[in-house]
Amino acid sequence: GVLTAFLRNFQFMEVEEPSNTSPDYIQELMETVSVDPKPLTTVERPNIIAIMNESWADFEEFGNLSLTDSVMEYIPSLDAAKGHAYTSVFGAGTSASEFEFLTGNTMAFLPPGSIPYQQYILEPSESMASVLKDNGYTCLAFHPGERSSWQRNQAYPLLGFDEFKCGEDMNVEAAESHGYINDQSDFNQLIWEFENRDPGEKLFLFNVTIQSHGSYTDPDYPAKLQLTDEQGEYPMAEQYLTLVRETDQAFEKLIQYFEKQEEPVLIVMFGDHQPSVEQEFLDKAYGVEQKDMTMAQYMGKFRVPFVIWNNYGLEVEAPEITSLNFLGQYVLDCVGIDGGEYSDFLREFQQEIPALTFSGYFDSEGKAHSHLETNELDEVIGECETVQYYRMFEE
């Protein structure tokens with residue numbers, strides 16, 4: 001087993017090197033940045049809670065489903081910035097999404113099937129955590145699953161986190177939904193961390209939930225949502241939709257708590273990928289079978305919701321099109337933290353490519369493209385790939 005795992009990992013160690021990764025060329029690319037970042041925040045260093053919610057998707061947004069009840073009621077009504085971002089994975093691969101959000105890097109330039117935490121984060125690497133740590137934040141990661149899952153216990157310290165807590169470290173009662181610690185318990189732990197930090201301590205809390213992890217086949221977890229005209233036909237999807245409603249209810253209680261706090265807090269929650277449920281249900285949700293999809297419809301398989309809320313009156317306008325690697329950088333903008341020259345580079349890159357994933361990308365006109373295409377955007381994408389390679393493997 002060890003030999004098999006080694007050989008499987010070995011195939012991902014070699015990432016294709018761009019033609020020119022010299023420090024002089026990288027500096028030349030950095031110096032072309034002309035976008036002047038405009039801090040959005042109205043307070044200095046608010047506490048930041050970033051929640052990557054397992055398999056959180058919004059199938060109702062496609063407008064093709066008739067359900068016996070609403071999946072989400074509270075979040076759509078919340079006074080906050082709400083939108084959708086594109087991710088590089090579908091059905092699995094959670095760590096790829098958190099890698100993108102935390103580092104600003106994209107899986108588009110890495111081998112298919114690679115796992116950055118296991119193959120590339122092998123020494124200290126810049127991330128949101130390291131940037132915020134340099135700005136006086138205490139950086140804590142929390143995941144109510146196993147400590148060694150995706151080798152987070154090795155990757156998080158290298159990304160700049162001061163501490164990593166897992167399921168066995170929880171300080172609150174841990175209840176389950178379909179065999180996994182539920183979001184209500186998870187969010188209760190976030191509140192505990194906020195209440196038990198040192199006085200005056202500024203907290204960056206990165207949370208990866210587990211409640212809605214597949215598979216969705218627990219016979220003891222009753223589904224409460226069905227398709228109106230096909231009740232019981234898609235038991236996996238029905239169980240999944242019921243879990244998402246639990247998330248909506250738990251998030252309401254989390255916001256109700258932080259609404260009452262005097263200290264400034266910004267909360268962002270986003271999905272890591274869509275769930276793996278019945279293909280027939282997915283076809284209904286998308287309104288088209290995968291074999292007949294346009295590129296834009298295909299990218300819809302990698303579309304996840306996000307919400308950015310704060311308790312101090314900051315007005316935030318959600319990006320119309322974005323991807324997870326850019327969403328993390330946007331959060332830094334929201335709290336007025338300078339992410340450095342790489343963040344500035346990515347901000348300028350987004351003027352032409354507002355969303356970039358392993359699956360494809362969008363141009364500034366909102367048109368979806370495959371990486372198999374050849375067009376006038378190849379040069380700017382190549383520049384981004386060169387900068388990412390340099391930062392990950394040569395800097």
# chains A, B, ... in the order shown; residues from 1 in each chain; ligands from 1
>>> residues_around(residues="His369 in chain A", least_positions_apart="6", cutoff="12 Å", atoms="only C-alpha atoms", output="PDB file with N, CA, C and O atoms, in the first residue's frame")
ATOM      1  N   THR A 294     -23.532  23.166 -23.471  1.00  0.00           N
ATOM      2  CA  THR A 294     -22.599  24.148 -24.004  1.00  0.00           C
ATOM      3  C   THR A 294     -21.483  24.313 -22.972  1.00  0.00           C
ATOM      4  O   THR A 294     -21.569  23.803 -21.847  1.00  0.00           O
ATOM      5  N   MET A 295     -20.437  25.055 -23.311  1.00  0.00           N
ATOM      6  CA  MET A 295     -19.345  25.259 -22.361  1.00  0.00           C
ATOM      7  C   MET A 295     -19.837  26.006 -21.125  1.00  0.00           C
ATOM      8  O   MET A 295     -19.462  25.672 -19.994  1.00  0.00           O
ATOM      9  N   ALA A 296     -20.705  26.993 -21.322  1.00  0.00           N
ATOM     10  CA  ALA A 296     -21.234  27.746 -20.183  1.00  0.00           C
ATOM     11  C   ALA A 296     -22.061  26.834 -19.272  1.00  0.00           C
ATOM     12  O   ALA A 296     -21.986  26.932 -18.037  1.00  0.00           O
ATOM     13  N   GLN A 297     -22.865  25.951 -19.866  1.00  0.00           N
ATOM     14  CA  GLN A 297     -23.666  25.023 -19.070  1.00  0.00           C
ATOM     15  C   GLN A 297     -22.771  24.022 -18.341  1.00  0.00           C
ATOM     16  O   GLN A 297     -23.027  23.664 -17.190  1.00  0.00           O
ATOM     17  N   TYR A 298     -21.721  23.590 -19.000  1.00  0.00           N
ATOM     18  CA  TYR A 298     -20.781  22.663 -18.365  1.00  0.00           C
ATOM     19  C   TYR A 298     -20.124  23.321 -17.155  1.00  0.00           C
ATOM     20  O   TYR A 298     -19.960  22.695 -16.105  1.00  0.00           O
ATOM     21  N   MET A 299     -19.767  24.583 -17.264  1.00  0.00           N
ATOM     22  CA  MET A 299     -19.167  25.287 -16.134  1.00  0.00           C
ATOM     23  C   MET A 299     -20.142  25.389 -14.955  1.00  0.00           C
ATOM     24  O   MET A 299     -19.726  25.541 -13.805  1.00  0.00           O
ATOM     25  N   ILE A 353      -9.661  37.923 -17.096  1.00  0.00           N
ATOM     26  CA  ILE A 353     -10.144  36.571 -16.793  1.00  0.00           C
ATOM     27  C   ILE A 353     -10.737  36.597 -15.389  1.00  0.00           C
ATOM     28  O   ILE A 353     -10.049  36.348 -14.401  1.00  0.00           O
ATOM     29  N   PRO A 354     -12.026  36.901 -15.233  1.00  0.00           N
ATOM     30  CA  PRO A 354     -12.608  37.022 -13.896  1.00  0.00           C
ATOM     31  C   PRO A 354     -12.804  35.700 -13.165  1.00  0.00           C
ATOM     32  O   PRO A 354     -13.013  35.699 -11.946  1.00  0.00           O
ATOM     33  N   ALA A 355     -12.758  34.573 -13.878  1.00  0.00           N
ATOM     34  CA  ALA A 355     -12.880  33.262 -13.238  1.00  0.00           C
ATOM     35  C   ALA A 355     -11.997  32.270 -13.987  1.00  0.00           C
ATOM     36  O   ALA A 355     -12.085  32.157 -15.216  1.00  0.00           O
ATOM     37  N   LEU A 356     -11.152  31.555 -13.246  1.00  0.00           N
ATOM     38  CA  LEU A 356     -10.206  30.613 -13.842  1.00  0.00           C
ATOM     39  C   LEU A 356     -10.170  29.350 -13.001  1.00  0.00           C
ATOM     40  O   LEU A 356      -9.851  29.396 -11.810  1.00  0.00           O
ATOM     41  N   THR A 357     -10.514  28.209 -13.608  1.00  0.00           N
ATOM     42  CA  THR A 357     -10.524  26.933 -12.892  1.00  0.00           C
ATOM     43  C   THR A 357      -9.898  25.857 -13.762  1.00  0.00           C
ATOM     44  O   THR A 357      -9.596  26.071 -14.941  1.00  0.00           O
ATOM     45  N   PHE A 358      -9.739  24.689 -13.173  1.00  0.00           N
ATOM     46  CA  PHE A 358      -9.232  23.550 -13.930  1.00  0.00           C
ATOM     47  C   PHE A 358     -10.185  23.193 -15.070  1.00  0.00           C
ATOM     48  O   PHE A 358      -9.765  22.713 -16.118  1.00  0.00           O
ATOM     49  N   SER A 359     -11.462  23.448 -14.880  1.00  0.00           N
ATOM     50  CA  SER A 359     -12.490  23.035 -15.834  1.00  0.00           C
ATOM     51  C   SER A 359     -12.637  23.978 -17.017  1.00  0.00           C
ATOM     52  O   SER A 359     -13.101  23.575 -18.079  1.00  0.00           O
ATOM     53  N   GLY A 360     -12.245  25.239 -16.845  1.00  0.00           N
ATOM     54  CA  GLY A 360     -12.387  26.227 -17.895  1.00  0.00           C
ATOM     55  C   GLY A 360     -12.267  27.617 -17.295  1.00  0.00           C
ATOM     56  O   GLY A 360     -11.874  27.780 -16.133  1.00  0.00           O
ATOM     57  N   TYR A 361     -12.643  28.625 -18.069  1.00  0.00           N
ATOM     58  CA  TYR A 361     -12.528  29.994 -17.574  1.00  0.00           C
ATOM     59  C   TYR A 361     -13.538  30.895 -18.272  1.00  0.00           C
ATOM     60  O   TYR A 361     -14.146  30.516 -19.287  1.00  0.00           O
ATOM     61  N   PHE A 362     -13.722  32.103 -17.715  1.00  0.00           N
ATOM     62  CA  PHE A 362     -14.613  33.103 -18.290  1.00  0.00           C
ATOM     63  C   PHE A 362     -13.804  34.325 -18.677  1.00  0.00           C
ATOM     64  O   PHE A 362     -12.876  34.729 -17.963  1.00  0.00           O
ATOM     65  N   ASP A 363     -14.167  34.944 -19.804  1.00  0.00           N
ATOM     66  CA  ASP A 363     -13.506  36.185 -20.187  1.00  0.00           C
ATOM     67  C   ASP A 363     -14.276  37.373 -19.628  1.00  0.00           C
ATOM     68  O   ASP A 363     -15.312  37.216 -18.954  1.00  0.00           O
ATOM     69  N   ASN A 375      -6.878  31.074 -28.320  1.00  0.00           N
ATOM     70  CA  ASN A 375      -7.439  32.392 -28.612  1.00  0.00           C
ATOM     71  C   ASN A 375      -6.507  33.490 -28.113  1.00  0.00           C
ATOM     72  O   ASN A 375      -5.395  33.221 -27.648  1.00  0.00           O
ATOM     73  N   GLU A 376      -6.975  34.721 -28.189  1.00  0.00           N
ATOM     74  CA  GLU A 376      -6.133  35.871 -27.847  1.00  0.00           C
ATOM     75  C   GLU A 376      -5.839  35.974 -26.357  1.00  0.00           C
ATOM     76  O   GLU A 376      -5.007  36.802 -25.933  1.00  0.00           O
ATOM     77  N   LEU A 377      -6.495  35.165 -25.535  1.00  0.00           N
ATOM     78  CA  LEU A 377      -6.267  35.198 -24.096  1.00  0.00           C
ATOM     79  C   LEU A 377      -5.144  34.263 -23.658  1.00  0.00           C
ATOM     80  O   LEU A 377      -4.761  34.254 -22.486  1.00  0.00           O
ATOM     81  N   ASP A 378      -4.607  33.472 -24.589  1.00  0.00           N
ATOM     82  CA  ASP A 378      -3.567  32.507 -24.238  1.00  0.00           C
ATOM     83  C   ASP A 378      -2.359  33.184 -23.606  1.00  0.00           C
ATOM     84  O   ASP A 378      -1.750  32.659 -22.668  1.00  0.00           O
TER      85      ASP A 378
END
>>> residues_around(residues="Asn20 in chain A", least_positions_apart="2", cutoff="10 Å", atoms="only C-alpha atoms", output="mmCIF file with N, CA, C and O atoms, in the first residue's frame")
data_model
loop_
_atom_site.group_PDB
_atom_site.id
_atom_site.type_symbol
_atom_site.label_atom_id
_atom_site.label_comp_id
_atom_site.auth_asym_id
_atom_site.auth_seq_id
_atom_site.Cartn_x
_atom_site.Cartn_y
_atom_site.Cartn_z
ATOM 1 N N GLU A 17 7.050 23.004 -16.595
ATOM 2 C CA GLU A 17 7.639 24.311 -16.355
ATOM 3 C C GLU A 17 7.424 25.226 -17.551
ATOM 4 O O GLU A 17 7.701 24.856 -18.692
ATOM 5 N N PRO A 18 6.930 26.451 -17.326
ATOM 6 C CA PRO A 18 6.800 27.423 -18.418
ATOM 7 C C PRO A 18 8.166 27.744 -19.020
ATOM 8 O O PRO A 18 9.210 27.472 -18.409
ATOM 9 N N SER A 22 12.535 33.046 -15.094
ATOM 10 C CA SER A 22 13.639 33.783 -14.479
ATOM 11 C C SER A 22 13.090 34.873 -13.557
ATOM 12 O O SER A 22 12.022 35.442 -13.826
ATOM 13 N N PRO A 23 13.801 35.188 -12.472
ATOM 14 C CA PRO A 23 13.346 36.246 -11.568
ATOM 15 C C PRO A 23 13.151 37.590 -12.285
ATOM 16 O O PRO A 23 12.226 38.343 -11.945
ATOM 17 N N ASP A 24 14.002 37.878 -13.261
ATOM 18 C CA ASP A 24 13.875 39.154 -13.982
ATOM 19 C C ASP A 24 12.567 39.216 -14.759
ATOM 20 O O ASP A 24 11.894 40.259 -14.781
ATOM 21 N N TYR A 25 12.195 38.089 -15.395
ATOM 22 C CA TYR A 25 10.950 38.072 -16.163
ATOM 23 C C TYR A 25 9.745 38.164 -15.226
ATOM 24 O O TYR A 25 8.767 38.870 -15.517
ATOM 25 N N ILE A 26 9.808 37.475 -14.090
ATOM 26 C CA ILE A 26 8.711 37.545 -13.129
ATOM 27 C C ILE A 26 8.542 38.974 -12.633
ATOM 28 O O ILE A 26 7.417 39.493 -12.544
ATOM 29 N N GLU A 383 1.019 34.041 -18.802
ATOM 30 C CA GLU A 383 1.741 34.872 -17.834
ATOM 31 C C GLU A 383 1.343 34.509 -16.406
ATOM 32 O O GLU A 383 2.198 34.436 -15.511
ATOM 33 N N THR A 386 2.971 31.274 -15.457
ATOM 34 C CA THR A 386 4.394 31.456 -15.178
ATOM 35 C C THR A 386 4.603 32.002 -13.769
ATOM 36 O O THR A 386 5.468 31.520 -13.021
ATOM 37 N N VAL A 387 3.822 33.009 -13.393
ATOM 38 C CA VAL A 387 3.964 33.595 -12.060
ATOM 39 C C VAL A 387 3.614 32.570 -10.980
ATOM 40 O O VAL A 387 4.317 32.446 -9.967
ATOM 41 N N TYR A 390 6.434 30.017 -10.648
ATOM 42 C CA TYR A 390 7.599 30.602 -9.967
ATOM 43 C C TYR A 390 7.364 30.658 -8.457
ATOM 44 O O TYR A 390 8.243 30.297 -7.662
#
>>> select_by_dssp(residues="range 9-169 of chain A", states="strand (DSSP E or B)", output="ChimeraX atom specification")
/A:47-53,67,81-86,137-142,163-165
>>> write_last_selection(atoms="N, CA and C atoms", output="CSV table (one decimal), in the first residue's frame")
chain,number,residue,atom,x,y,z
A,47,ASN,N,-12.3,40.9,12.9
A,47,ASN,CA,-12.2,39.4,13.0
A,47,ASN,C,-12.8,38.8,11.7
A,48,ILE,N,-12.1,37.8,11.2
A,48,ILE,CA,-12.5,37.1,10.0
A,48,ILE,C,-12.8,35.7,10.2
A,49,ILE,N,-14.0,35.2,9.8
A,49,ILE,CA,-14.4,33.8,9.8
A,49,ILE,C,-14.7,33.4,8.4
A,50,ALA,N,-13.9,32.5,7.9
A,50,ALA,CA,-14.1,31.9,6.5
A,50,ALA,C,-14.6,30.5,6.6
A,51,ILE,N,-15.7,30.2,6.1
A,51,ILE,CA,-16.3,28.8,6.2
A,51,ILE,C,-16.4,28.2,4.8
A,52,MET,N,-15.7,27.2,4.6
A,52,MET,CA,-15.8,26.4,3.4
A,52,MET,C,-16.8,25.3,3.7
A,53,ASN,N,-18.0,25.4,3.2
A,53,ASN,CA,-19.0,24.4,3.5
A,53,ASN,C,-19.1,23.2,2.6
A,67,LEU,N,-39.8,21.8,-6.0
A,67,LEU,CA,-39.5,21.1,-4.8
A,67,LEU,C,-40.7,21.2,-3.8
A,81,ALA,N,-23.6,40.4,0.9
A,81,ALA,CA,-23.2,40.2,-0.5
A,81,ALA,C,-23.3,38.7,-0.8
A,82,LYS,N,-24.1,38.4,-1.8
A,82,LYS,CA,-24.3,37.0,-2.2
A,82,LYS,C,-24.0,36.8,-3.7
A,83,GLY,N,-23.4,35.7,-4.0
A,83,GLY,CA,-23.1,35.4,-5.4
A,83,GLY,C,-22.7,33.9,-5.6
A,84,HIS,N,-22.1,33.7,-6.7
A,84,HIS,CA,-21.6,32.3,-7.0
A,84,HIS,C,-20.2,32.4,-7.6
A,85,ALA,N,-19.5,31.4,-7.2
A,85,ALA,CA,-18.1,31.3,-7.7
A,85,ALA,C,-17.9,29.9,-8.3
A,86,TYR,N,-16.8,29.8,-9.1
A,86,TYR,CA,-16.5,28.6,-9.8
A,86,TYR,C,-15.3,27.9,-9.2
A,137,TYR,N,-2.9,39.1,13.1
A,137,TYR,CA,-4.0,38.1,13.4
A,137,TYR,C,-3.5,36.8,14.0
A,138,THR,N,-4.3,36.2,14.8
A,138,THR,CA,-4.1,34.8,15.2
A,138,THR,C,-4.8,34.0,14.2
A,139,CYS,N,-4.2,33.0,13.6
A,139,CYS,CA,-4.8,32.2,12.5
A,139,CYS,C,-5.0,30.8,13.0
A,140,LEU,N,-6.3,30.4,13.0
A,140,LEU,CA,-6.8,29.1,13.5
A,140,LEU,C,-7.5,28.4,12.4
A,141,ALA,N,-7.2,27.2,12.2
A,141,ALA,CA,-8.0,26.3,11.2
A,141,ALA,C,-8.8,25.3,12.0
A,142,PHE,N,-10.0,25.0,11.6
A,142,PHE,CA,-10.8,24.0,12.3
A,142,PHE,C,-11.6,23.2,11.3
A,163,GLU,N,-2.6,27.3,14.7
A,163,GLU,CA,-3.2,26.1,15.3
A,163,GLU,C,-4.2,25.5,14.4
A,164,PHE,N,-4.3,24.2,14.5
A,164,PHE,CA,-5.3,23.4,13.8
A,164,PHE,C,-6.1,22.5,14.7
A,165,LYS,N,-7.4,22.7,14.8
A,165,LYS,CA,-8.2,21.8,15.6
A,165,LYS,C,-9.1,20.9,14.7
>>> closest_residue(among="A:Phe194, A:Tyr180, A:Tyr74, A:Phe393", to="Gln249 in chain A", atoms="only C-alpha atoms")
A:Tyr74
>>> residues_around(residues="range 111-118 of chain A", least_positions_apart="4", cutoff="8 Å", atoms="only C-alpha atoms", output="number ranges by chain")
A: 9, 12, 15, 95-96, 99, 107, 122, 150-152, 154-155
>>> write_last_selection(atoms="C-alpha atoms", output="CSV table (one decimal), in the first residue's frame")
chain,number,residue,atom,x,y,z
A,9,ASN,CA,1.9,10.6,-5.8
A,12,PHE,CA,2.1,14.4,-9.9
A,15,VAL,CA,4.6,20.1,-13.0
A,95,SER,CA,-8.7,20.2,-0.4
A,96,ALA,CA,-8.2,21.5,-3.9
A,99,PHE,CA,-5.9,25.4,-1.6
A,107,MET,CA,-5.7,24.0,-10.1
A,122,LEU,CA,6.1,20.8,1.4
A,150,TRP,CA,-5.9,15.4,3.1
A,151,GLN,CA,-2.7,15.9,5.3
A,152,ARG,CA,-4.1,19.1,6.6
A,154,GLN,CA,1.0,19.0,7.7
A,155,ALA,CA,-0.1,21.6,5.2
>>> closest_atom_pairs(of="range 167-280 of chain A", to="range 312-336 of chain A", cutoff="8 Å", atoms="only C-alpha atoms", output="CSV")
residue,atom,partner,partner_atom,distance
A:Pro264,CA,A:Tyr312,CA,5.7
A:Val265,CA,A:Tyr312,CA,7.3
A:Leu266,CA,A:Val335,CA,8.0
A:Val268,CA,A:Val331,CA,7.8
>>> residues_around(residues="Glu238 in chain A", least_positions_apart="6", cutoff="6 Å", atoms="only C-alpha atoms", output="VMD selection string")
chain A and resid 223 225 to 226
>>> select_by_dssp(residues="range 47-126 of chain A", states="alpha helix (DSSP H)", output="short mmCIF file (atom, residue, chain, number, x, y, z; two decimals) with N, CA and C atoms, in the first residue's frame")
data_model
loop_
_atom_site.label_atom_id
_atom_site.label_comp_id
_atom_site.auth_asym_id
_atom_site.auth_seq_id
_atom_site.Cartn_x
_atom_site.Cartn_y
_atom_site.Cartn_z
N TYR A 74 -33.29 31.41 4.72
CA TYR A 74 -32.66 32.49 5.46
C TYR A 74 -31.57 33.19 4.65
N ILE A 75 -30.63 32.43 4.10
CA ILE A 75 -29.49 33.05 3.42
C ILE A 75 -29.92 33.94 2.26
N PRO A 76 -30.86 33.52 1.40
CA PRO A 76 -31.30 34.42 0.32
C PRO A 76 -31.90 35.72 0.83
N SER A 77 -32.46 35.72 2.04
CA SER A 77 -33.09 36.93 2.58
C SER A 77 -32.11 37.80 3.36
N THR A 94 -12.16 18.19 -1.94
CA THR A 94 -12.31 19.37 -1.07
C THR A 94 -11.03 20.17 -0.91
N SER A 95 -9.91 19.48 -0.70
CA SER A 95 -8.67 20.20 -0.39
C SER A 95 -8.20 21.07 -1.55
N ALA A 96 -8.57 20.72 -2.78
CA ALA A 96 -8.21 21.55 -3.93
C ALA A 96 -8.88 22.91 -3.82
N SER A 97 -10.12 22.92 -3.35
CA SER A 97 -10.85 24.18 -3.24
C SER A 97 -10.29 25.06 -2.13
N GLU A 98 -9.94 24.47 -0.99
CA GLU A 98 -9.38 25.30 0.07
C GLU A 98 -7.98 25.79 -0.31
N PHE A 99 -7.23 24.98 -1.06
CA PHE A 99 -5.93 25.41 -1.57
C PHE A 99 -6.09 26.65 -2.46
N GLU A 100 -7.09 26.64 -3.33
CA GLU A 100 -7.32 27.77 -4.22
C GLU A 100 -7.72 29.01 -3.42
N PHE A 101 -8.67 28.86 -2.50
CA PHE A 101 -9.16 30.00 -1.73
C PHE A 101 -8.05 30.62 -0.88
N LEU A 102 -7.25 29.78 -0.24
CA LEU A 102 -6.25 30.28 0.70
C LEU A 102 -5.02 30.87 0.01
N THR A 103 -4.64 30.32 -1.15
CA THR A 103 -3.38 30.74 -1.76
C THR A 103 -3.53 31.69 -2.94
N PRO A 116 -2.59 19.29 -3.94
CA PRO A 116 -1.51 20.21 -3.54
C PRO A 116 -1.01 20.02 -2.12
N TYR A 117 -1.92 19.77 -1.18
CA TYR A 117 -1.47 19.61 0.21
C TYR A 117 -0.48 18.46 0.35
N GLN A 118 -0.64 17.43 -0.45
CA GLN A 118 0.20 16.25 -0.33
C GLN A 118 1.43 16.31 -1.21
N GLN A 119 1.35 17.03 -2.32
CA GLN A 119 2.44 16.98 -3.29
C GLN A 119 3.24 18.26 -3.43
#
>>> closest_atom_pairs(of="range 116-196 of chain A", to="range 208-213 of chain A", cutoff="7 Å", atoms="only C-alpha atoms", output="CSV")
residue,atom,partner,partner_atom,distance
A:Phe142,CA,A:Val208,CA,6.5
A:His143,CA,A:Val208,CA,4.9
A:Pro144,CA,A:Thr209,CA,6.6
A:Gly145,CA,A:Ile210,CA,6.8
A:Ser177,CA,A:Gln211,CA,6.5
A:Tyr180,CA,A:Gln211,CA,5.2
A:Ile181,CA,A:Gln211,CA,5.6
A:Asn182,CA,A:Gln211,CA,4.5
A:Asp183,CA,A:Gln211,CA,5.8
A:Asp186,CA,A:Thr209,CA,6.8
>>> atom_distance(atom1="CA of Met72 in chain A", atom2="CA of Glu193 in chain A")
26.6 Å
>>> atom_distance(atom1="CA of Phe59 in chain A", atom2="CA of Leu282 in chain A")
8.5 Å
>>> atom_distance(atom1="CA of Ser55 in chain A", atom2="CA of Tyr257 in chain A")
24.4 Å
>>> closest_residue(among="A:Thr247, A:Lys260, A:Asp134, A:Gly91", to="Tyr216 in chain A", atoms="only C-alpha atoms")
A:Gly91
>>> closest_residue(among="A:Leu241, A:Ala92, A:Val33, A:Cys384", to="Asp272 in chain A", atoms="only C-alpha atoms")
A:Ala92
